[in-house]
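Student: Provided herewith: entry_23.pdb, PDB, C-alpha atoms.
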```pdb
ATOM      1  CA  MET A1301      99.562 106.560 103.649
ATOM      2  CA  SER A1302     102.102 104.083 102.277
ATOM      3  CA  GLY A1303     101.059 101.624 104.971
ATOM      4  CA  LEU A1304      97.415 101.979 103.975
ATOM      5  CA  VAL A1305      98.140 101.456 100.271
ATOM      6  CA  SER A1306     100.276  98.410 101.033
ATOM      7  CA  PHE A1307      97.676  97.088 103.467
ATOM      8  CA  VAL A1308      94.892  97.297 100.869
ATOM      9  CA  ILE A1309      97.032  95.465  98.304
ATOM     10  CA  ASP A1310      98.151  92.844 100.824
ATOM     11  CA  ILE A1311      94.802  92.103 102.451
ATOM     12  CA  SER A1312      92.925  92.046  99.141
ATOM     13  CA  LEU A1313      95.346  89.570  97.622
ATOM     14  CA  PHE A1314      95.411  87.452 100.790
ATOM     15  CA  ALA A1315      91.599  87.230 100.863
ATOM     16  CA  LEU A1316      91.532  86.363  97.167
ATOM     17  CA  PHE A1317      94.150  83.617  97.552
ATOM     18  CA  ILE A1318      92.417  82.129 100.621
ATOM     19  CA  HIS A1319      89.036  82.256  98.902
ATOM     20  CA  PHE A1320      90.279  80.298  95.902
ATOM     21  CA  SER A1321      92.345  77.821  97.934
ATOM     22  CA  ARG A1322      89.351  76.986 100.154
ATOM     23  CA  SER A1323      91.670  75.780 102.910
ATOM     24  CA  THR A1324      92.889  76.916 106.323
ATOM     25  CA  ALA A1325      95.806  74.461 106.291
ATOM     26  CA  PHE A1326      99.181  75.856 107.316
ATOM     27  CA  GLY A1327     100.641  75.476 103.811
ATOM     28  CA  GLN A1328      97.772  77.342 102.175
ATOM     29  CA  VAL A1329      97.833  80.154 104.735
ATOM     30  CA  MET A1330     101.608  80.535 104.333
ATOM     31  CA  THR A1331     101.340  80.501 100.535
ATOM     32  CA  ALA A1332      98.623  83.160 100.580
ATOM     33  CA  THR A1333     100.590  85.222 103.117
ATOM     34  CA  VAL A1334     103.854  85.048 101.193
ATOM     35  CA  ALA A1335     102.318  85.722  97.780
ATOM     36  CA  ALA A1336     100.276  88.695  99.003
ATOM     37  CA  ARG A1337     103.176  90.119 101.008
ATOM     38  CA  LEU A1338     105.689  89.843  98.181
ATOM     39  CA  LEU A1339     103.407  91.741  95.833
ATOM     40  CA  SER A1340     102.470  94.425  98.359
ATOM     41  CA  ALA A1341     106.086  94.765  99.551
ATOM     42  CA  VAL A1342     107.195  96.145  96.206
ATOM     43  CA  ALA A1343     104.741  99.033  96.507
ATOM     44  CA  ASN A1344     105.553  99.514 100.199
ATOM     45  CA  TYR A1345     109.306  99.659  99.699
ATOM     46  CA  LEU A1346     109.086 102.124  96.827
ATOM     47  CA  LEU A1347     106.701 104.394  98.725
ATOM     48  CA  ASN A1348     108.710 104.217 101.954
ATOM     49  CA  HIS A1349     112.086 104.744 100.357
ATOM     50  CA  HIS A1350     111.138 107.552  97.987
ATOM     51  CA  VAL A1351     108.253 109.315  99.726
ATOM     52  CA  VAL A1352     108.055 108.538 103.451
ATOM     53  CA  PHE A1353     111.767 108.514 104.263
ATOM     54  CA  ASP A1354     112.850 110.804 101.393
ATOM     55  CA  GLY A1355     115.479 108.467  99.920
ATOM     56  CA  LYS A1356     117.478 108.229 103.170
ATOM     57  CA  GLY A1357     119.603 105.271 104.093
ATOM     58  CA  GLU A1358     122.179 102.986 102.559
ATOM     59  CA  GLN A1359     121.555  99.430 101.398
ATOM     60  CA  THR A1360     117.917  99.892 102.336
ATOM     61  CA  LEU A1361     116.635  97.182  99.999
ATOM     62  CA  VAL A1362     118.675  94.448 101.689
ATOM     63  CA  LYS A1363     117.600  95.587 105.163
ATOM     64  CA  TYR A1364     113.991  95.957 104.046
ATOM     65  CA  ILE A1365     113.939  92.437 102.600
ATOM     66  CA  ALA A1366     115.355  91.050 105.855
ATOM     67  CA  ILE A1367     112.635  92.643 107.986
ATOM     68  CA  MET A1368     109.971  91.694 105.440
ATOM     69  CA  VAL A1369     110.997  88.019 105.530
ATOM     70  CA  VAL A1370     110.876  87.929 109.343
ATOM     71  CA  GLN A1371     107.555  89.769 109.439
ATOM     72  CA  MET A1372     106.072  87.576 106.709
ATOM     73  CA  GLY A1373     107.056  84.393 108.548
ATOM     74  CA  LEU A1374     105.594  85.620 111.831
ATOM     75  CA  LEU A1375     102.416  86.753 110.112
ATOM     76  CA  GLY A1376     101.907  83.417 108.367
ATOM     77  CA  LEU A1377     102.653  81.454 111.522
ATOM     78  CA  PHE A1378     100.375  83.493 113.791
ATOM     79  CA  THR A1379      97.572  83.581 111.196
ATOM     80  CA  SER A1380      97.779  79.831 110.733
ATOM     81  CA  LEU A1381      97.801  79.229 114.496
ATOM     82  CA  MET A1382      94.710  81.387 114.856
ATOM     83  CA  ALA A1383      92.909  79.619 111.993
ATOM     84  CA  SER A1384      90.877  77.594 114.492
ATOM     85  CA  ALA A1385      89.010  80.809 115.294
ATOM     86  CA  VAL A1386      87.631  80.727 111.751
ATOM     87  CA  ASP A1387      84.943  78.338 112.948
ATOM     88  CA  LEU A1388      83.661  81.060 115.275
ATOM     89  CA  VAL A1389      83.159  83.461 112.382
ATOM     90  CA  GLY A1390      81.706  80.771 110.147
ATOM     91  CA  HIS A1391      83.234  81.984 106.906
ATOM     92  CA  GLN A1392      86.748  80.869 106.006
ATOM     93  CA  THR A1393      87.801  83.796 103.817
ATOM     94  CA  LEU A1394      86.347  86.460 106.098
ATOM     95  CA  GLY A1395      87.576  84.789 109.280
ATOM     96  CA  LEU A1396      91.167  84.322 108.174
ATOM     97  CA  THR A1397      91.254  87.782 106.638
ATOM     98  CA  LEU A1398      90.082  89.389 109.893
ATOM     99  CA  ILE A1399      92.627  87.414 111.886
ATOM    100  CA  LYS A1400      95.372  88.388 109.471
ATOM    101  CA  MET A1401      94.356  92.051 109.696
ATOM    102  CA  MET A1402      94.694  92.079 113.485
ATOM    103  CA  ILE A1403      98.093  90.374 113.440
ATOM    104  CA  ASP A1404      99.241  92.534 110.533
ATOM    105  CA  PHE A1405      98.397  95.720 112.432
ATOM    106  CA  LEU A1406     100.498  94.698 115.428
ATOM    107  CA  LEU A1407     103.410  93.733 113.207
ATOM    108  CA  PHE A1408     103.042  97.016 111.275
ATOM    109  CA  LEU A1409     103.585  99.024 114.460
ATOM    110  CA  VAL A1410     106.823  97.176 115.163
ATOM    111  CA  SER A1411     107.954  97.233 111.523
ATOM    112  CA  TYR A1412     107.517 100.987 111.170
ATOM    113  CA  GLN A1413     109.726 101.634 114.181
ATOM    114  CA  VAL A1414     112.399  99.243 112.898
ATOM    115  CA  GLN A1415     112.352 100.911 109.471
ATOM    116  CA  LYS A1416     112.507 104.380 110.986
ATOM    117  CA  ARG A1417     115.352 103.575 113.388
ATOM    118  CA  LEU A1418     117.413 100.961 111.531
ATOM    119  CA  ILE A1419     116.671 100.882 107.815
ATOM    120  CA  PHE A1420     115.875 104.314 106.401
ATOM    121  CA  VAL A1421     118.403 106.304 108.427
ATOM    122  CA  GLU A1422     120.793 108.843 107.021
ATOM    123  CA  ALA A1423     124.477 108.059 107.571
ATOM    124  CA  HIS A1424     126.830 110.936 108.351
ATOM    125  CA  PRO A1425     130.356 111.191 106.897
ATOM    126  CA  HIS A1426     131.895 110.129 110.216
ATOM    127  CA  GLY A1427     129.841 106.940 110.362
ATOM    128  CA  HIS A1428     127.174 108.269 112.694
ATOM    129  CA  VAL A1429     123.589 107.488 111.945
ATOM    130  CA  GLU A1430     120.868 110.121 112.176
TER     131      GLU A1430
END
```
Kindly transcribe the structure held in the file into structure tokens.
Tutor:
Amino acid sequence: MSGLVSFVIDISLFALFIHFSRSTAFGQVMTATVAARLLSAVANYLLNHHVVFDGKGEQTLVKYIAIMVVQMGLLGLFTSLMASAVDLVGHQTLGLTLIKMMIDFLLFLVSYQVQKRLIFVEAHPHGHVE
């Protein structure tokens, strides 16, 4: 559910930013990607930390920011590289948004596993991670 809420925030803002920029240039795609992701990441982190993973983990914000930065860069790069497919759809905002959605879904699958296994894990007194 947290992924869906974050996705709706992220994709809506991305589409809005692309629509108003009226450009598929790398800089515009990266700006739209970063701005949308930063805003949706706040909601995603809070939901994941407090609801999904029940407050588990130490220094989760730092780890979460690290994975978010990597994911955001990959998303912007792959979306920008795929921007040439926009001509096939014929509508810049719709085309880039659809491309971003596909790439975002693949990155979400990887990100969830990383968060589950490396970020929001409960440490035991003897240094073992659960």
Student: Go through the shown structure with the PyMOL selection byres ((chain A and resi 1414) around 12) and write out the matching residues as a ChimeraX atom specification.
Tutor: /A:1360,1363-1364,1366-1368,1370-1371,1407-1413,1415-1421
Student: Between atom CA of A:Leu1346 and atom CA of A:Phe1314, what distance in Å does the model show, to one decimal?
Tutor: 20.4 Å
Student: Using all atoms listed in the file, which of A:Ser1312, A:Ser1302, A:Thr1324, A:Gln1359 sits nearest A:Leu1381?
Tutor: A:Thr1324
Student: Point out the residue among A:Ser1340, A:Tyr1345, A:Val1362, A:Val1369 with the least atom-to-atom distance to A:Ser1306, counting only C-alpha atoms.
Tutor: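 So, comparing all the options, the nearest one is A:Ser1340.
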Student: Nearest to A:Ala1336 among A:Lys1356, A:His1350, A:Lys1400, A:Arg1322, with distances taken over all atoms listed in the file: which residue is it?
Tutor: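 Ranking A:Lys1356, A:His1350, A:Lys1400, A:Arg1322 by distance to A:Ala1336, first place goes to A:Lys1400.
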Student: In terms of the shortest atom-to-atom distance over all atoms listed in the file, which of A:Leu1406, A:Met1372, A:Met1401, A:Ala1383 is closest to A:Val1334?
Tutor: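 Of the candidates, the smallest distance to A:Val1334 is held by A:Met1372.
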Student: Choose the residue, out of A:Ile1309, A:Leu1304, A:Ile1318, A:Leu1396, that has the smallest atom-to-atom separation from A:Leu1338; count only C-alpha atoms.
Tutor: A:Ile1309
Student: Name the residues captured by the PyMOL selection byres ((chain A and resi 1333) around 10) when it is applied to the shown file; answer as a ChimeraX atom specification.
Tutor: /A:1310-1311,1313-1315,1317-1318,1327-1332,1334-1338,1372-1373,1375-1377,1379-1380,1400
Student: Can you work out which one of A:Val1342, A:Ile1365, A:Gln1392, A:Phe1353 has the shortest atom-to-atom distance to A:Leu1316, counting all atoms listed in the file?
Tutor: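 Among the listed residues, the smallest separation from A:Leu1316 belongs to A:Gln1392.
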Student: Please compute the atom CA of A:Gly1355-atom CA of A:Leu1374 distance, one decimal, in Å.
Tutor: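 Atom CA of A:Leu1374 lies at a distance of 27.6 Å from atom CA of A:Gly1355.
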Student: For the atom pair atom CA of A:Asn1348 and atom CA of A:Met1301, what is the interatomic distance in Å to one decimal place?
Tutor: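 Atom-to-atom, atom CA of A:Asn1348 to atom CA of A:Met1301, that is 9.6 Å.
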